[in-house]
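Here is protein_10.cif, consisting of mmCIF, C-alpha atoms:
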data_protein
loop_
_atom_site.label_atom_id
_atom_site.label_comp_id
_atom_site.auth_asym_id
_atom_site.auth_seq_id
_atom_site.Cartn_x
_atom_site.Cartn_y
_atom_site.Cartn_z
CA MET A 1 11.35 1.44 108.77
CA LEU A 2 9.33 -0.49 111.33
CA GLU A 3 7.57 -2.42 108.60
CA GLY A 4 10.94 -3.28 107.06
CA LEU A 5 12.22 -4.51 110.42
CA ARG A 6 9.09 -6.58 110.89
CA SER A 7 9.32 -8.21 107.47
CA PHE A 8 13.04 -8.85 108.07
CA ALA A 9 12.25 -10.58 111.35
CA ARG A 10 9.50 -12.63 109.72
CA ARG A 11 11.79 -13.75 106.94
CA LYS A 12 14.33 -14.99 109.48
CA SER A 13 11.91 -16.95 111.66
CA PRO A 14 9.20 -18.81 109.77
CA TRP A 15 7.70 -20.99 112.46
CA ILE A 16 5.88 -23.88 110.90
CA MET A 17 3.09 -26.11 112.01
CA HIS A 18 3.04 -29.48 110.37
CA VAL A 19 -0.50 -30.63 109.52
CA PRO A 20 -0.65 -34.25 108.33
CA CYS A 21 -4.09 -34.50 106.72
CA GLY A 22 -4.35 -37.92 105.16
CA GLY A 23 -2.44 -40.16 102.85
CA CYS A 24 0.47 -42.49 103.37
CA ASN A 25 2.74 -40.59 105.83
CA GLY A 26 5.64 -40.64 103.37
CA CYS A 27 5.73 -36.84 103.25
CA ASP A 28 5.56 -36.64 107.06
CA ILE A 29 8.67 -38.78 107.30
CA GLU A 30 10.46 -36.44 104.88
CA VAL A 31 9.37 -33.39 106.92
CA VAL A 32 10.76 -35.00 110.08
CA ALA A 33 13.94 -35.86 108.16
CA SER A 34 14.35 -32.22 107.18
CA LEU A 35 14.41 -31.27 110.88
CA THR A 36 17.32 -33.63 111.60
CA PRO A 37 20.93 -32.31 111.77
CA ARG A 38 21.57 -33.64 108.26
CA TYR A 39 19.25 -31.14 106.53
CA ASP A 40 18.63 -28.87 109.53
CA VAL A 41 15.97 -26.38 108.46
CA GLU A 42 16.49 -24.71 111.84
CA ARG A 43 19.41 -22.83 110.33
CA PHE A 44 16.80 -20.79 108.43
CA GLY A 45 14.99 -20.03 111.67
CA VAL A 46 12.36 -22.70 111.13
CA LEU A 47 10.91 -24.06 114.34
CA GLN A 48 8.24 -26.68 114.51
CA LYS A 49 5.33 -25.64 116.69
CA GLY A 50 2.52 -27.73 118.10
CA THR A 51 -0.16 -25.09 117.95
CA PRO A 52 -1.37 -22.91 115.06
CA ARG A 53 -1.40 -19.82 117.32
CA HIS A 54 2.42 -19.82 117.36
CA ALA A 55 2.89 -20.63 113.69
CA ASP A 56 3.41 -18.46 110.60
CA VAL A 57 3.37 -21.26 108.06
CA LEU A 58 1.01 -24.21 107.84
CA LEU A 59 2.86 -27.12 106.23
CA VAL A 60 0.10 -29.36 104.92
CA THR A 61 0.98 -32.87 103.81
CA GLY A 62 -1.27 -35.54 102.42
CA VAL A 63 -4.63 -35.51 100.75
CA VAL A 64 -7.40 -33.37 102.25
CA THR A 65 -10.03 -35.86 103.34
CA ALA A 66 -13.68 -35.17 104.04
CA GLN A 67 -13.09 -35.64 107.78
CA VAL A 68 -10.16 -33.25 108.05
CA LYS A 69 -11.54 -30.52 105.78
CA ASP A 70 -13.43 -28.49 108.42
CA ARG A 71 -10.66 -28.96 110.99
CA LEU A 72 -8.11 -27.66 108.49
CA LYS A 73 -10.25 -24.58 107.91
CA ARG A 74 -10.44 -24.01 111.69
CA LEU A 75 -6.66 -24.44 111.98
CA TYR A 76 -6.16 -21.90 109.22
CA ASP A 77 -8.38 -19.39 111.03
CA LEU A 78 -6.30 -19.77 114.20
CA VAL A 79 -3.01 -18.83 112.51
CA PRO A 80 -2.22 -15.17 113.28
CA GLY A 81 -0.74 -12.44 111.20
CA PRO A 82 0.34 -12.87 107.58
CA LYS A 83 -0.45 -16.54 107.12
CA ASN A 84 1.13 -18.82 104.59
CA VAL A 85 0.20 -22.33 103.59
CA VAL A 86 2.68 -24.68 101.93
CA ALA A 87 1.27 -27.68 100.07
CA TYR A 88 3.89 -30.41 100.49
CA GLY A 89 3.70 -33.43 98.22
CA SER A 90 1.62 -34.36 95.21
CA CYS A 91 -1.34 -35.41 97.38
CA ALA A 92 -1.85 -31.90 98.71
CA LEU A 93 -1.68 -30.46 95.20
CA ASP A 94 -4.11 -32.60 93.22
CA GLY A 95 -4.68 -35.77 95.18
CA ASP A 96 -2.19 -38.09 93.48
CA ILE A 97 -3.45 -41.72 93.53
CA PHE A 98 -6.16 -40.90 96.08
CA ARG A 99 -7.79 -38.49 93.66
CA THR A 100 -10.61 -40.88 92.79
CA GLY A 101 -11.17 -42.07 96.37
CA TYR A 102 -14.45 -41.58 98.19
CA ALA A 103 -12.91 -39.50 101.00
CA PHE A 104 -11.12 -37.02 98.75
CA ALA A 105 -12.44 -33.52 99.45
CA GLY A 106 -10.81 -31.49 96.72
CA PRO A 107 -7.30 -30.14 96.19
CA LEU A 108 -5.85 -28.14 99.07
CA ASP A 109 -6.20 -24.76 97.39
CA GLU A 110 -9.94 -25.21 97.14
CA VAL A 111 -10.08 -25.48 100.95
CA VAL A 112 -7.53 -22.85 102.06
CA PRO A 113 -5.45 -20.38 100.01
CA VAL A 114 -1.98 -21.78 99.30
CA SER A 115 1.25 -19.81 98.79
CA VAL A 116 3.73 -22.41 97.55
CA TYR A 117 3.21 -25.85 96.04
CA ILE A 118 5.92 -28.50 96.30
CA PRO A 119 5.19 -31.49 94.04
CA GLY A 120 6.88 -34.83 94.62
CA CYS A 121 5.96 -38.23 95.96
CA PRO A 122 7.45 -37.60 98.46
CA PRO A 123 9.56 -34.49 97.83
CA ARG A 124 13.13 -34.58 99.09
CA PRO A 125 14.03 -32.54 102.19
CA GLU A 126 16.02 -30.37 99.76
CA ALA A 127 12.78 -29.71 97.91
CA LEU A 128 11.27 -28.47 101.17
CA ILE A 129 14.25 -26.15 101.68
CA ASP A 130 13.86 -24.95 98.10
CA GLY A 131 10.14 -24.33 98.58
CA LEU A 132 10.72 -22.47 101.84
CA SER A 133 13.40 -20.28 100.26
CA LYS A 134 11.01 -19.53 97.40
CA LEU A 135 8.32 -18.66 99.94
CA LEU A 136 10.59 -16.39 101.99
CA ASN A 137 12.28 -14.68 99.03
CA PRO A 138 9.53 -14.54 96.41
CA PRO A 139 10.47 -13.17 92.98
CA THR A 140 9.67 -9.49 92.78
CA ARG A 141 7.07 -8.26 90.33
CA LYS A 142 9.74 -6.89 88.00
CA LYS A 143 11.61 -10.17 87.91
CA ARG A 144 8.41 -12.10 87.25
CA ILE A 145 7.48 -9.85 84.35
CA GLU A 146 11.00 -10.17 82.93
CA SER A 147 10.89 -13.96 83.07
CA GLU A 148 7.49 -13.97 81.39
CA VAL A 149 8.68 -11.67 78.63
CA PHE A 150 11.92 -13.50 77.93
CA ALA A 151 10.59 -17.01 78.24
CA GLY A 152 7.51 -16.19 76.18
CA GLY A 153 5.20 -17.23 79.00
CA GLU A 154 6.51 -20.77 78.97
CA ALA A 155 8.90 -20.62 81.88
CA GLU A 156 7.91 -24.03 83.23
CA ARG A 157 8.11 -25.93 79.95
CA PRO A 158 11.38 -27.83 79.49
CA SER A 159 13.81 -26.12 77.16
CA ALA A 160 17.16 -27.28 75.85
CA GLU A 161 19.00 -25.31 78.52
CA SER A 162 16.99 -26.47 81.48
CA LYS A 163 17.43 -30.11 80.46
CA ASP A 164 21.20 -29.94 80.78
CA GLN A 165 20.98 -27.99 83.96
CA ILE A 166 19.51 -30.64 86.19
CA VAL A 167 19.91 -28.75 89.42
CA THR A 168 20.03 -25.02 89.60
CA GLY A 169 23.26 -23.47 90.72
CA LYS A 170 23.75 -21.49 93.89
CA ARG A 171 22.03 -18.18 94.23
CA GLU A 172 24.66 -15.50 94.02
CA ILE A 173 24.30 -12.39 96.10
CA LYS A 174 26.21 -9.59 94.46
CA LYS A 175 27.49 -6.88 96.74
CA GLY A 176 28.45 -3.44 95.62
CA PHE A 177 31.76 -1.84 96.53
CA ASN A 178 30.12 0.59 98.96
CA GLU A 179 28.40 -2.21 100.83
CA GLN A 180 31.63 -4.16 101.09
CA LEU A 181 33.41 -1.08 102.41
CA ALA A 182 30.64 -0.44 104.93
CA GLU A 183 30.75 -4.04 106.09
CA PHE A 184 34.54 -3.93 106.41
CA ILE A 185 34.42 -0.73 108.49
CA LEU A 186 31.69 -2.20 110.67
CA PHE A 187 33.64 -5.41 111.15
CA THR A 188 36.87 -3.68 112.13
CA GLY A 189 35.00 -1.28 114.40
CA ILE A 190 33.28 -4.09 116.22
CA THR A 191 36.52 -6.04 116.54
CA VAL A 192 38.38 -3.02 117.96
CA ALA A 193 35.53 -2.29 120.36
CA ALA A 194 35.47 -5.94 121.46
CA LEU A 195 39.21 -5.96 122.09
CA GLY A 196 38.92 -2.73 124.07
CA LEU A 197 36.08 -4.08 126.19
CA TYR A 198 37.95 -7.30 126.75
CA TYR A 199 40.98 -5.35 127.89
CA LYS A 200 38.81 -3.43 130.36
CA GLY A 201 37.36 -6.65 131.72
CA PHE A 202 33.78 -6.71 130.30
CA ASP A 203 33.85 -10.31 129.05
CA ILE A 204 30.08 -10.78 128.94
CA LEU A 205 29.60 -7.74 126.74
CA VAL A 206 32.06 -9.19 124.23
CA VAL A 207 30.13 -12.45 124.11
CA ALA A 208 26.90 -10.52 123.62
CA ALA A 209 28.51 -8.46 120.86
CA VAL A 210 29.68 -11.58 119.05
CA PHE A 211 26.15 -12.97 119.17
CA LEU A 212 24.59 -9.73 117.98
CA MET A 213 27.12 -9.05 115.22
CA GLY A 214 25.53 -11.19 112.51
CA PRO A 215 21.92 -9.90 112.75
CA VAL A 216 23.04 -6.27 113.15
CA MET A 217 25.23 -6.49 110.07
CA LYS A 218 22.50 -8.07 107.99
CA LEU A 219 20.02 -5.45 109.16
CA LEU A 220 22.39 -2.63 108.27
CA SER A 221 23.17 -4.10 104.87
CA SER A 222 19.45 -4.53 104.12
CA ILE A 223 18.87 -0.88 105.07
CA LEU A 224 21.79 0.21 102.89
CA ARG A 225 20.46 -1.76 99.95
CA ARG A 226 17.13 0.09 100.07
CA MET B 1 34.91 -41.08 127.40
CA LYS B 2 35.22 -37.32 127.41
CA ARG B 3 38.16 -37.54 125.05
CA HIS B 4 35.98 -39.44 122.63
CA ILE B 5 33.36 -36.67 122.63
CA ILE B 6 36.01 -34.00 122.07
CA SER B 7 37.52 -35.86 119.11
CA ASP B 8 34.05 -36.27 117.61
CA ALA B 9 33.31 -32.57 118.03
CA LEU B 10 36.61 -31.58 116.40
CA ARG B 11 35.95 -33.89 113.48
CA SER B 12 32.49 -32.44 112.95
CA ILE B 13 33.94 -28.92 112.91
CA LEU B 14 36.22 -29.89 110.01
CA ASN B 15 33.54 -31.63 107.94
CA PRO B 16 30.05 -30.89 109.24
CA SER B 17 27.32 -33.39 108.45
CA THR B 18 24.75 -30.72 107.60
CA THR B 19 24.26 -30.18 103.87
CA LYS B 20 24.99 -26.74 102.44
CA TYR B 21 22.08 -27.11 100.09
CA PRO B 22 20.71 -23.69 99.10
CA LYS B 23 24.22 -22.26 98.71
CA LYS B 24 25.72 -25.33 97.10
CA SER B 25 23.87 -27.22 94.39
CA PHE B 26 22.79 -30.74 95.17
CA ILE B 27 22.70 -33.63 92.70
CA PRO B 28 20.56 -36.58 93.75
CA PRO B 29 22.09 -40.08 93.57
CA ASP B 30 21.80 -42.24 90.44
CA GLY B 31 18.44 -43.90 90.06
CA TYR B 32 16.61 -41.06 91.77
CA ARG B 33 13.16 -40.62 90.31
CA GLY B 34 12.60 -36.92 89.84
CA ALA B 35 10.33 -35.01 87.51
CA ALA B 36 9.45 -36.80 84.26
CA GLU B 37 10.17 -34.94 81.08
CA TYR B 38 9.40 -35.54 77.42
CA ASP B 39 11.84 -35.55 74.53
CA SER B 40 9.91 -33.65 71.89
CA GLU B 41 12.10 -35.06 69.08
CA LYS B 42 11.57 -38.69 70.01
CA CYS B 43 7.93 -38.58 71.10
CA VAL B 44 5.61 -39.86 68.36
CA GLY B 45 2.36 -39.13 70.15
CA CYS B 46 1.10 -42.70 70.59
CA ALA B 47 -0.12 -41.84 74.13
CA ALA B 48 0.89 -45.24 75.51
CA CYS B 49 2.06 -43.45 78.64
CA SER B 50 -1.41 -42.05 79.28
CA GLN B 51 -2.86 -45.56 79.01
CA GLU B 52 -0.32 -46.99 81.42
CA CYS B 53 -0.08 -44.18 84.04
CA PRO B 54 -1.35 -45.68 87.33
CA SER B 55 -2.49 -42.43 88.86
CA GLY B 56 -3.79 -40.89 85.64
CA ALA B 57 -1.38 -37.97 85.64
CA ILE B 58 -0.77 -38.15 81.90
CA THR B 59 -3.65 -37.09 79.70
CA TYR B 60 -3.84 -36.38 76.00
CA ASP B 61 -6.13 -34.05 74.19
CA ASP B 62 -6.70 -34.13 70.43
CA GLU B 63 -6.84 -30.52 69.39
CA GLU B 64 -7.33 -29.22 65.89
CA LYS B 65 -3.83 -29.65 64.53
CA ALA B 66 -1.86 -31.34 67.29
CA ARG B 67 -2.13 -33.93 70.01
CA VAL B 68 -1.35 -32.27 73.34
CA ILE B 69 0.13 -34.66 75.90
CA LYS B 70 0.08 -33.23 79.41
CA LEU B 71 1.74 -34.54 82.58
CA SER B 72 0.56 -32.96 85.80
CA TYR B 73 3.09 -33.19 88.65
CA GLY B 74 0.30 -32.77 91.18
CA ILE B 75 -1.15 -36.16 90.24
CA CYS B 76 2.09 -37.90 89.29
CA SER B 77 3.41 -40.37 91.84
CA PHE B 78 6.90 -40.52 90.26
CA CYS B 79 6.72 -44.31 89.80
CA GLY B 80 8.59 -44.38 86.47
CA ARG B 81 6.03 -46.54 84.69
CA CYS B 82 5.90 -44.15 81.72
CA GLU B 83 9.65 -44.41 81.23
CA GLU B 84 9.38 -48.19 81.40
CA ILE B 85 6.50 -48.50 78.94
CA CYS B 86 7.49 -45.90 76.32
CA PRO B 87 8.28 -47.79 73.06
CA TRP B 88 10.14 -44.81 71.64
CA ASP B 89 12.31 -44.00 74.68
CA ALA B 90 10.90 -40.48 74.79
CA VAL B 91 9.95 -40.08 78.47
CA HIS B 92 12.64 -39.92 81.11
CA LEU B 93 12.63 -39.31 84.84
CA THR B 94 15.24 -36.61 85.35
CA LYS B 95 17.00 -35.78 88.59
CA ARG B 96 15.15 -32.48 88.83
CA PHE B 97 13.59 -32.10 92.27
CA GLU B 98 13.23 -28.32 92.70
CA LEU B 99 9.65 -28.19 91.52
CA ALA B 100 8.20 -25.65 93.95
CA VAL B 101 5.79 -23.28 92.17
CA PHE B 102 3.48 -20.45 93.16
CA ASN B 103 0.59 -21.59 90.99
CA ARG B 104 -0.85 -25.09 90.85
CA LYS B 105 -1.40 -24.88 87.11
CA ASP B 106 2.34 -24.34 86.55
CA ALA B 107 3.31 -27.75 87.89
CA GLU B 108 3.08 -29.63 84.63
CA THR B 109 5.01 -30.59 81.52
CA GLY B 110 4.12 -32.02 78.14
CA VAL B 111 4.59 -32.09 74.39
CA ASP B 112 2.61 -31.06 71.33
CA VAL B 113 2.71 -33.63 68.53
CA PRO B 114 1.56 -32.35 65.13
CA PHE B 115 -1.10 -34.24 63.21
CA PHE B 116 -0.87 -35.73 59.74
CA GLU B 117 -3.25 -34.35 57.13
CA CYS B 118 -5.38 -36.69 55.05
CA THR B 119 -4.28 -36.67 51.42
CA GLU B 120 -7.87 -36.72 50.16
CA CYS B 121 -9.73 -34.22 52.32
CA SER B 122 -6.75 -32.56 54.08
CA ARG B 123 -8.26 -33.15 57.51
CA PRO B 124 -5.73 -33.80 60.31
CA PHE B 125 -6.43 -37.21 61.85
CA PHE B 126 -3.27 -39.00 63.12
CA PRO B 127 0.06 -37.99 64.75
CA SER B 128 2.48 -37.75 61.84
CA PRO B 129 5.66 -38.96 63.67
CA GLN B 130 3.78 -42.09 64.73
CA MET B 131 2.87 -42.84 61.10
CA LYS B 132 6.48 -42.55 59.97
CA ALA B 133 7.69 -44.66 62.88
CA SER B 134 5.10 -47.39 62.31
CA ILE B 135 6.00 -47.66 58.60
CA GLU B 136 9.67 -47.96 59.61
CA LYS B 137 8.76 -50.69 62.09
CA VAL B 138 7.07 -52.96 59.53
CA ARG B 139 9.77 -52.53 56.88
CA GLU B 140 11.22 -56.04 57.24
CA THR B 141 7.81 -57.65 57.09
CA LEU B 142 7.01 -55.68 53.95
CA GLU B 143 10.19 -56.88 52.28
CA LYS B 144 9.28 -60.43 53.16
CA TYR B 145 5.94 -60.14 51.37
CA LYS B 146 7.41 -58.03 48.55
CA ILE B 147 5.18 -55.01 49.13
CA LYS B 148 6.54 -51.56 48.38
CA GLN B 149 6.65 -49.07 51.22
CA ASN B 150 5.09 -46.29 49.20
CA GLU B 151 2.07 -48.43 48.47
CA LEU B 152 1.31 -48.93 52.14
CA ALA B 153 2.07 -45.31 52.93
CA SER B 154 -0.38 -44.06 50.32
CA LEU B 155 -3.03 -46.41 51.70
CA ILE B 156 -2.70 -45.39 55.33
CA SER B 157 -2.34 -41.67 54.65
CA VAL B 158 -6.08 -41.48 54.03
CA CYS B 159 -8.40 -40.72 56.92
CA PRO B 160 -10.98 -43.35 57.97
CA THR B 161 -13.97 -41.53 56.48
CA CYS B 162 -12.27 -41.12 53.09
CA SER B 163 -10.90 -44.67 52.95
CA PHE B 164 -14.34 -46.23 53.37
CA SER B 165 -15.83 -44.25 50.53
CA VAL B 166 -17.06 -46.25 47.55
CA ASP B 167 -14.44 -45.26 44.99
CA LYS B 168 -11.58 -46.32 47.29
CA MET B 169 -12.86 -49.80 48.07
CA PRO B 170 -11.50 -51.79 45.09
CA GLU B 171 -7.95 -50.63 45.68
CA ARG B 172 -8.00 -51.65 49.33
CA ARG B 173 -9.59 -54.97 48.56
CA MET B 174 -6.84 -55.76 46.07
CA PHE B 175 -4.23 -54.95 48.68
CA LEU B 176 -5.89 -57.18 51.28
CA ARG B 177 -6.13 -60.04 48.81
CA ARG B 178 -2.44 -59.79 48.11
CA LEU B 179 -1.73 -59.91 51.81
CA VAL B 180 -3.82 -63.02 52.26
CA GLU B 181 -2.18 -64.83 49.37
#
Show the structure stored in the file as structure tokens.
Amino acid sequence: MLEGLRSFARRKSPWIMHVPCGGCNGCDIEVVASLTPRYDVERFGVLQKGTPRHADVLLVTGVVTAQVKDRLKRLYDLVPGPKNVVAYGSCALDGDIFRTGYAFAGPLDEVVPVSVYIPGCPPRPEALIDGLSKLLNPPTRKKRIESEVFAGGEAERPSAESKDQIVTGKREIKKGFNEQLAEFILFTGITVAALGLYYKGFDILVVAAVFLMGPVMKLLSSILRR
Amino acid sequence: MKRHIISDALRSILNPSTTKYPKKSFIPPDGYRGAAEYDSEKCVGCAACSQECPSGAITYDDEEKARVIKLSYGICSFCGRCEEICPWDAVHLTKRFELAVFNRKDAETGVDVPFFECTECSRPFFPSPQMKASIEKVRETLEKYKIKQNELASLISVCPTCSFSVDKMPERRMFLRRLVE
């Protein structure tokens, strides 16, 4: 129960630390763009932090140079708890055009372990959102095995279907009847309670209830699903 | 001034500027350079793209029975040079941008082009679609010099080691002489 609550809280607040290593700063501009109101990664609970001690996710952009290699390792050691590293941009993956340069100190995953790779030069802010959602909701083991079995181990190779489907559709969350009923009862209960409290004159409690409603409902639904 | 702020706020409630990306699909604008992909029907395996790629993302490997062309997204800089250079119109930059993977080795694409077998020693030596395409390309020139297509095809469907053997030499020399005349 406690572990479930903890993982739930972690999934809703991935605090990132942006580590620009080397390269052309194109990816850094895209990362900053994804924090603007247009793309707004803060709606997923992402906050940018200036110190690795506060961060859960290291967002590494640019090529890992010889000078930054040891510092990156030290930064990685400072990150607490379950740490994740996201390689953002082609440079962090394999080095892109700087691959043959004298200062290139290996791909990122040879320096620190990496969870998600986002190729692109630079990737769109949408690609960052996609990568983060893949990091936070990773495919379960069963799903992964299914995809390997049905795709014949060639899930990443382009097929006739994936060519037509340029962008993947929205991820549907199917809810069972029981869950819908439970949510409906919860909703009406909260509304009735709020109206009652308001009638009695506890305005602040109503405001607090409205703020708490969303997280509480999600928590309950996640418990019900298990 | 306050009225102005209120009207702005009301307008942004009706149509917010934030994208609804993960819930709603997003299609990049025209001309967006996303992940490059090969058309396995059109690709002849000439590997011109691997010669031209500025960052060296495209490599080809001659295996036993096929030429394996591989494009690694981790090295690709999405410049679109391969699409520009391809004589057969087989590489295209799609609008696909959701490329996030959990394993670095997964971030790649490519095609396998089968090899043509030598008619003499049945040893694979040349991508077979490229041979067909090159014969098609010189058709007009052949008609001009009154050379039959089959004649040329039978000459070039022999691997280099076989064609320079002693018993093949006279035939080739005759063909060359005809070309010169």
Excluding Arg71 of chain A and residues on its chain fewer than 5 positions from it, collect all residues at most 12 Å away from it, counting all atoms listed in the file, and give them as a count of residues only. 12
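The shortest atom-to-atom distance to Gly22 of chain A, with all atoms listed in the file taken into account, belongs to A:Gln67 out of A:Gln67, A:Ser7, A:Gly45, A:Thr36.
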Practice problem: Give as a PyMOL selection string the residues that the PyMOL selection byres ((chain B and resi 151) around 12) matches when applied to the coordinates above. | Solution: chain B and resi 135+142+146-150+152-157+171-172+174-175
task = Using the chain letters and numbering of this document, enumerate as a ChimeraX atom specification the residues selected by the PyMOL selection byres ((chain A and resi 57) around 10).
result = /A:14-18,46,48-49,52,54-56,58-60,76,79-80,82-86,115,132,135
Q) Quick one: which residues from chain B are at most 7 Å off chain A, using only C-alpha atoms, as a VMD selection string? A) chain B and resid 17 to 19 21 to 27 55 73 to 78 95 to 102 104 106 109
Review point. Interatomic distance between atom CA of Ile85 of chain B and atom CA of Gly26 of chain A?
Key: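 One can read the atom CA of Ile85 of chain B to atom CA of Gly26 of chain A distance as 25.7 Å.
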As a check of understanding: the span from atom CA of Val44 of chain B to atom CA of Trp88 of chain B is 7.5 Å
I'd like the interatomic distance between atom CA of Ala209 of chain A and atom CA of Ala9 of chain A, to a tenth of an Å.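 Atom-to-atom, atom CA of Ala209 of chain A to atom CA of Ala9 of chain A, that is 19.0 Å.
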Output of segment 112-157 of chain B limited to C-alpha atoms, as a PDB file, in the first residue's frame:
ATOM      1  CA  ASP B 112      17.680  -5.649 -46.791  1.00  0.00           C
ATOM      2  CA  VAL B 113      18.343  -5.762 -50.538  1.00  0.00           C
ATOM      3  CA  PRO B 114      18.816  -9.257 -51.978  1.00  0.00           C
ATOM      4  CA  PHE B 115      21.877 -10.024 -54.082  1.00  0.00           C
ATOM      5  CA  PHE B 116      22.007 -11.285 -57.644  1.00  0.00           C
ATOM      6  CA  GLU B 117      23.647 -14.663 -58.193  1.00  0.00           C
ATOM      7  CA  CYS B 118      26.347 -15.085 -60.809  1.00  0.00           C
ATOM      8  CA  THR B 119      25.137 -17.235 -63.693  1.00  0.00           C
ATOM      9  CA  GLU B 120      28.460 -19.077 -63.931  1.00  0.00           C
ATOM     10  CA  CYS B 121      29.445 -19.853 -60.349  1.00  0.00           C
ATOM     11  CA  SER B 122      26.158 -18.943 -58.581  1.00  0.00           C
ATOM     12  CA  ARG B 123      27.942 -16.655 -56.128  1.00  0.00           C
ATOM     13  CA  PRO B 124      25.923 -13.594 -54.998  1.00  0.00           C
ATOM     14  CA  PHE B 125      27.828 -10.438 -55.926  1.00  0.00           C
ATOM     15  CA  PHE B 126      25.555  -7.467 -56.787  1.00  0.00           C
ATOM     16  CA  PRO B 127      22.156  -6.102 -55.605  1.00  0.00           C
ATOM     17  CA  SER B 128      19.667  -7.542 -58.075  1.00  0.00           C
ATOM     18  CA  PRO B 129      17.195  -4.579 -58.151  1.00  0.00           C
ATOM     19  CA  GLN B 130      20.083  -2.267 -59.014  1.00  0.00           C
ATOM     20  CA  MET B 131      21.029  -4.466 -61.989  1.00  0.00           C
ATOM     21  CA  LYS B 132      17.494  -4.396 -63.364  1.00  0.00           C
ATOM     22  CA  ALA B 133      17.230  -0.647 -62.828  1.00  0.00           C
ATOM     23  CA  SER B 134      20.574   0.079 -64.489  1.00  0.00           C
ATOM     24  CA  ILE B 135      19.646  -1.973 -67.577  1.00  0.00           C
ATOM     25  CA  GLU B 136      16.360  -0.045 -67.771  1.00  0.00           C
ATOM     26  CA  LYS B 137      18.275   3.223 -67.521  1.00  0.00           C
ATOM     27  CA  VAL B 138      20.523   2.556 -70.531  1.00  0.00           C
ATOM     28  CA  ARG B 139      17.724   1.251 -72.743  1.00  0.00           C
ATOM     29  CA  GLU B 140      17.598   4.297 -75.039  1.00  0.00           C
ATOM     30  CA  THR B 141      21.344   4.311 -75.506  1.00  0.00           C
ATOM     31  CA  LEU B 142      21.261   0.626 -76.381  1.00  0.00           C
ATOM     32  CA  GLU B 143      18.616   1.221 -79.029  1.00  0.00           C
ATOM     33  CA  LYS B 144      20.739   3.976 -80.494  1.00  0.00           C
ATOM     34  CA  TYR B 145      23.682   1.620 -80.946  1.00  0.00           C
ATOM     35  CA  LYS B 146      21.441  -1.303 -81.957  1.00  0.00           C
ATOM     36  CA  ILE B 147      22.513  -3.601 -79.129  1.00  0.00           C
ATOM     37  CA  LYS B 148      20.017  -6.076 -77.730  1.00  0.00           C
ATOM     38  CA  GLN B 149      19.178  -5.813 -74.056  1.00  0.00           C
ATOM     39  CA  ASN B 150      19.590  -9.521 -73.429  1.00  0.00           C
ATOM     40  CA  GLU B 151      23.119  -9.413 -74.741  1.00  0.00           C
ATOM     41  CA  LEU B 152      24.177  -6.814 -72.210  1.00  0.00           C
ATOM     42  CA  ALA B 153      22.253  -8.528 -69.433  1.00  0.00           C
ATOM     43  CA  SER B 154      23.990 -11.836 -70.066  1.00  0.00           C
ATOM     44  CA  LEU B 155      27.358 -10.062 -70.026  1.00  0.00           C
ATOM     45  CA  ILE B 156      26.858  -8.217 -66.765  1.00  0.00           C
ATOM     46  CA  SER B 157      25.203 -11.101 -64.937  1.00  0.00           C
TER      47      SER B 157
END
